[in-house]
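Notes follow once the structure below has been shown.
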Amino acid sequence: MSSLYIKDSLALIDFTRSYHSSIEELLNSDDFRSFLKVFIADLKEKDSELYKWLCADMEDGEVLDSVIGTLQFLTVISLDRNQYIKEEDRPILLKLVERAYHFWRNMHRYSLIYSNSEHGLLLSNFLMADMHYNETILSFYRMIQEKLQGTPNNVYRQLQAGTNGSLFLTRFNIGISGKYQSLNKAYMIQKVMMRSPIIINLKHNKRIGTFTETDVDPFREEYDYSDYMCFPIYVGTSMVYVYFHKDFTASAIGLANLFEFVGFNELRDKPDAIILFGINDDKNETVYYYDQENDVYIGKISYMPIIEYFGYFKKMALTLHNLIMIKKGYLPIHGAMLNLYMKDRSRKGVCLMGDSGAGKSETIEALNRIGSEIERQELIFDDMGTMYINEKGEVVCVGTEIGAFVRLDDLDSASAYKDLDRSIFFNPGNTNSRVITPASPYKMVTSEHKVDIFLYANNYDDKKGINIINDVDEAKKIYIAGKRFALGTTNEKGLSTTYFANPFGPMQEKDKCSAIIDKVFNALNRNGVLLGEIYTNLGLKNKGDGGIDVAAKELLELIKN
């Protein structure tokens, strides 16, 4: 029985069911046979001439036996005895091998190791097992390739030939009684290994629509959750269990770079929120529900082709966290915050607010370019944070993510690739391509950071620089209106408005959020925090001819003075 699961461009290898530690074992395995079937089917669709040569006068089963037999023969003959392969067949066989190798490497490949099987690999062997598998695949390809070309290689590239990463999973019984016990069929991810940089090419590269509240509990205990895995994460201080269908593993791996992973010993019986991602319910829903009896938020995203985009994972997690914060009386901020430590030893907490594409990340990048007076920066959050009044009466912010999920188009080339070896890239080269890079330690992200400057990122006006607004009510209207010129990062286009520039919680809970906004803005005014607009010009056709740099320079002057 094959331990290889292939769905479209995803390949999951269950090391617990079977593990191939040698080339001979691999060639004789059901896994290799399953891969060949998929590869030949792809060949038939995309390269009819190569397919016809391979399958001439043979049935499908005979083709598989013929290919495996040829490869077995090539593994045992020496390099100098390759005359047993016809001279005219060698180039096309080599082309076939190269094609199969690249077909495999272009898939999103992850090994799975389960800890509750007596035949399973122990956690101590977790990394070594995957490393050895990678070496086996690479050695297999290299041996066949050199024998077909007739000479050894002069250049050897140690590529990710086996997997892009590995997941170590174990049983975990959720502590919520009743219907939620059916989730215990899903395995909990205990450890993650990634061979970064990881490049993920998916069919979709933008999020469509918003997450809406439902009065009907979306959880169904009769669903079979055995095909799901659970990724436990901290979203800010909220513990969220993300149950996802295995078909979305390629996207889900991004959670490890963006959010703090919950260690197995830290898991709680009852999380703050549960996300059900890729539910086969024949619906097209992205909804959430508050289970009052168990005091837990449930987010559900139906199994649909369009959700094969990491933004659905990220924004559902942030929406549920924000709803939890609003319930506590805190204010979710869609924006970015950083602490700027100046060379004169002063520190300023700068918070920029705005919806997707407003220019928050770009302003931070511009400060990096021009800020010679800046000693260092601390990024507290790059997309979503929480603002509240602490016991001292200060307005402070905490973050939600340890990484940054940003558009490659919004970064200069140096910034995009400075953390290349730790990054996950989504659809590079396409519109709205993204990268997830580690940004800040979790302890720092979730600590309180005092706010000194709080600006709304305006990307639609042709003004330049910064406009400080002393009337708190006038300023509040601008923030609540949430205007921006949509740049196509979602399904919106043109000038749009979103309540408090935040469709992930505040928009759904306007009444509750309105009272919190009044309270927080009054405190901002009392504490002398600077309010106003920063004009990024990013929504203009020519992006304001360097308007982002003008804005960054004025912000720097504001901080210095």
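Labeling convention for the structure tokens: chains A, B, ... as they appear, residues from 1 per chain, ligands from 1 in order of appearance.
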(request) Mind the document's chain letters and residue numbers, and return as a PyMOL selection string the residues of range 262-510 of chain A that DSSP labels strand (DSSP E). (result) chain A and resi 273-279+286-291+296-302+331-342+347-353+374-381+384-389+395-399+403-407+424-426+434-438+449-450+453-458+465-468+483-487+493-497
How would you write, as a PDB file with C-alpha atoms, in the first residue's frame, the set of residues in range 270-380 of chain A that DSSP gives as alpha helix (DSSP H)?
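states06.pdb, freshly written:
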```
ATOM      1  CA  PHE A 310      -2.324  31.635   2.681  1.00  0.00           C
ATOM      2  CA  GLY A 311      -4.281  34.857   3.252  1.00  0.00           C
ATOM      3  CA  TYR A 312      -7.331  32.802   4.247  1.00  0.00           C
ATOM      4  CA  PHE A 313      -5.398  31.151   7.071  1.00  0.00           C
ATOM      5  CA  LYS A 314      -3.908  34.429   8.234  1.00  0.00           C
ATOM      6  CA  LYS A 315      -7.001  36.617   8.128  1.00  0.00           C
ATOM      7  CA  MET A 316      -9.367  34.101   9.739  1.00  0.00           C
ATOM      8  CA  ALA A 317      -6.888  33.692  12.609  1.00  0.00           C
ATOM      9  CA  LEU A 318      -6.595  37.475  12.993  1.00  0.00           C
ATOM     10  CA  THR A 319     -10.372  37.978  12.779  1.00  0.00           C
ATOM     11  CA  LEU A 320     -11.033  35.535  15.625  1.00  0.00           C
ATOM     12  CA  HIS A 321      -8.248  37.071  17.717  1.00  0.00           C
ATOM     13  CA  ASN A 322      -9.615  40.567  17.133  1.00  0.00           C
ATOM     14  CA  LEU A 323     -13.098  39.479  18.187  1.00  0.00           C
ATOM     15  CA  ILE A 324     -11.604  38.107  21.392  1.00  0.00           C
ATOM     16  CA  MET A 325      -9.826  41.432  21.972  1.00  0.00           C
ATOM     17  CA  ILE A 326     -12.990  43.475  21.336  1.00  0.00           C
ATOM     18  CA  LYS A 327     -14.799  41.269  23.847  1.00  0.00           C
ATOM     19  CA  LYS A 360       2.422  50.866   6.013  1.00  0.00           C
ATOM     20  CA  SER A 361       5.222  48.432   5.154  1.00  0.00           C
ATOM     21  CA  GLU A 362       6.551  50.751   2.445  1.00  0.00           C
ATOM     22  CA  THR A 363       6.902  53.617   4.917  1.00  0.00           C
ATOM     23  CA  ILE A 364       8.882  51.393   7.261  1.00  0.00           C
ATOM     24  CA  GLU A 365      11.140  50.366   4.362  1.00  0.00           C
ATOM     25  CA  ALA A 366      11.653  54.028   3.421  1.00  0.00           C
ATOM     26  CA  LEU A 367      12.678  54.819   7.003  1.00  0.00           C
ATOM     27  CA  ASN A 368      15.266  52.057   6.717  1.00  0.00           C
ATOM     28  CA  ARG A 369      16.703  53.695   3.602  1.00  0.00           C
ATOM     29  CA  ILE A 370      16.906  57.274   4.841  1.00  0.00           C
TER      30      ILE A 370
END
```
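Residues in contact with range 21-36 of chain A at 7 Å, where only C-alpha atoms are counted and same-chain residues fewer than 5 positions away are skipped, are listed as Met1, Ser2, Ser3, Leu4, Ile68, Tyr133, Thr136 and Phe140 of chain A.
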(request) Determine, counting only C-alpha atoms, which protein, DNA and RNA residues have an atom within 12 Å of an atom of Met507 in chain A; residues of the same chain fewer than 3 positions away are not included. Present the result as a ChimeraX atom specification. (result) /A:210-213,319,322-323,326,331-334,355,480-482,497-504,510-514
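Nearest-residue note for Leu202 in chain A: choosing from A:Gly354, A:Gly539, A:Gly532, A:Pro305, the minimum distance belongs to A:Pro305, counting only C-alpha atoms.
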(message) With only C-alpha atoms as the counted atoms, please give the residues lying no more than 10 Å from Leu96 in chain A, apart from itself and same-chain residues fewer than 3 positions off, as an MDAnalysis selection string.
(response) chainID A and resid 43 50:51 54 90:93 99:101
Could you turn the residues from that selection into a file that holds N, CA and C atoms, as a short mmCIF file (atom, residue, chain, number, x, y, z; two decimals), in the first residue's frame?
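Just written: result04.cif:
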```cif
data_model
loop_
_atom_site.label_atom_id
_atom_site.label_comp_id
_atom_site.auth_asym_id
_atom_site.auth_seq_id
_atom_site.Cartn_x
_atom_site.Cartn_y
_atom_site.Cartn_z
N LEU A 43 2.69 13.68 -18.32
CA LEU A 43 3.43 13.64 -19.57
C LEU A 43 2.47 13.50 -20.75
N LEU A 50 6.99 12.72 -26.22
CA LEU A 50 7.76 11.95 -25.23
C LEU A 50 6.90 10.81 -24.67
N TYR A 51 5.63 11.09 -24.48
CA TYR A 51 4.71 10.08 -23.98
C TYR A 51 4.57 8.93 -24.98
N LEU A 54 7.62 6.76 -24.95
CA LEU A 54 7.68 5.95 -23.74
C LEU A 54 6.68 4.80 -23.77
N ARG A 90 19.75 6.76 -25.26
CA ARG A 90 20.29 7.46 -24.09
C ARG A 90 19.81 8.91 -23.96
N PRO A 91 19.87 9.72 -25.03
CA PRO A 91 19.44 11.13 -24.88
C PRO A 91 17.98 11.27 -24.47
N ILE A 92 17.12 10.43 -25.04
CA ILE A 92 15.70 10.58 -24.72
C ILE A 92 15.40 10.01 -23.33
N LEU A 93 16.14 8.97 -22.92
CA LEU A 93 16.00 8.46 -21.56
C LEU A 93 16.46 9.50 -20.54
N ARG A 99 13.04 15.19 -16.75
CA ARG A 99 11.66 15.65 -16.70
C ARG A 99 10.96 15.14 -15.43
N ALA A 100 11.16 13.87 -15.12
CA ALA A 100 10.55 13.28 -13.92
C ALA A 100 11.11 13.91 -12.64
N TYR A 101 12.40 14.15 -12.63
CA TYR A 101 13.06 14.75 -11.45
C TYR A 101 12.53 16.16 -11.19
#
```
(message) Neighbouring residues of range 215-223 of chain A were defined as those with any atom within 8 Å, considering only C-alpha atoms; residues of the same chain fewer than 5 positions away were excluded. Please report them as a PyMOL selection string.
(response) chain A and resi 179-183+287-289+291+298+300
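For the pair CA of Asn430 in chain A and CA of Ala358 in chain A, the interatomic distance is 20.1 Å.
Going from CA of Ile478 in chain A to CA of Asn458 in chain A covers 9.6 Å.
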(message) Need to verify the contact set: Ile306 in chain A, 8 Å, only C-alpha atoms, exclusion of same-chain residues closer than 4 positions in sequence. Can you return it as a PyMOL selection string?
(response) chain A and resi 203-204+207
List as JSON lines every residue of range 57-150 of chain A that is in contact with range 238-249 of chain A, defined as an atom at most 12 Å from one of its atoms (using only C-alpha atoms), together with the nearest atom pair and the distance in Å rounded to one decimal, sorted by chain and then rising number.
```
{"residue": "A:Met107", "atom": "CA", "partner": "A:Thr249", "partner_atom": "CA", "distance": 12.0}
{"residue": "A:His108", "atom": "CA", "partner": "A:Thr249", "partner_atom": "CA", "distance": 8.7}
{"residue": "A:Arg109", "atom": "CA", "partner": "A:Thr249", "partner_atom": "CA", "distance": 9.3}
{"residue": "A:Tyr110", "atom": "CA", "partner": "A:Thr249", "partner_atom": "CA", "distance": 8.3}
{"residue": "A:Ser111", "atom": "CA", "partner": "A:Thr249", "partner_atom": "CA", "distance": 10.8}
{"residue": "A:Leu112", "atom": "CA", "partner": "A:Lys246", "partner_atom": "CA", "distance": 10.8}
```
For N, CA, C and O atoms, I'd like the residues from the last selection saved as a compact mmCIF listing (two decimals), in the first residue's frame.
```
# COMPACT_ATOMS: atom_id res chain seq x y z
N MET A 107 6.81 19.84 -7.12
CA MET A 107 5.68 19.59 -6.23
C MET A 107 6.00 20.15 -4.84
O MET A 107 7.16 20.40 -4.50
N HIS A 108 4.94 20.37 -4.04
CA HIS A 108 5.12 20.77 -2.64
C HIS A 108 5.16 19.50 -1.82
O HIS A 108 4.14 18.85 -1.62
N ARG A 109 6.34 19.14 -1.31
CA ARG A 109 6.57 17.82 -0.76
C ARG A 109 6.86 17.89 0.74
O ARG A 109 7.77 18.60 1.18
N TYR A 110 6.09 17.13 1.51
CA TYR A 110 6.27 17.12 2.96
C TYR A 110 6.17 15.69 3.49
O TYR A 110 5.28 14.93 3.10
N SER A 111 7.08 15.35 4.37
CA SER A 111 7.00 14.05 5.02
C SER A 111 6.23 14.20 6.33
O SER A 111 6.25 15.25 6.97
N LEU A 112 5.52 13.14 6.68
CA LEU A 112 4.72 13.11 7.90
C LEU A 112 5.21 11.96 8.78
O LEU A 112 5.40 10.84 8.29
```
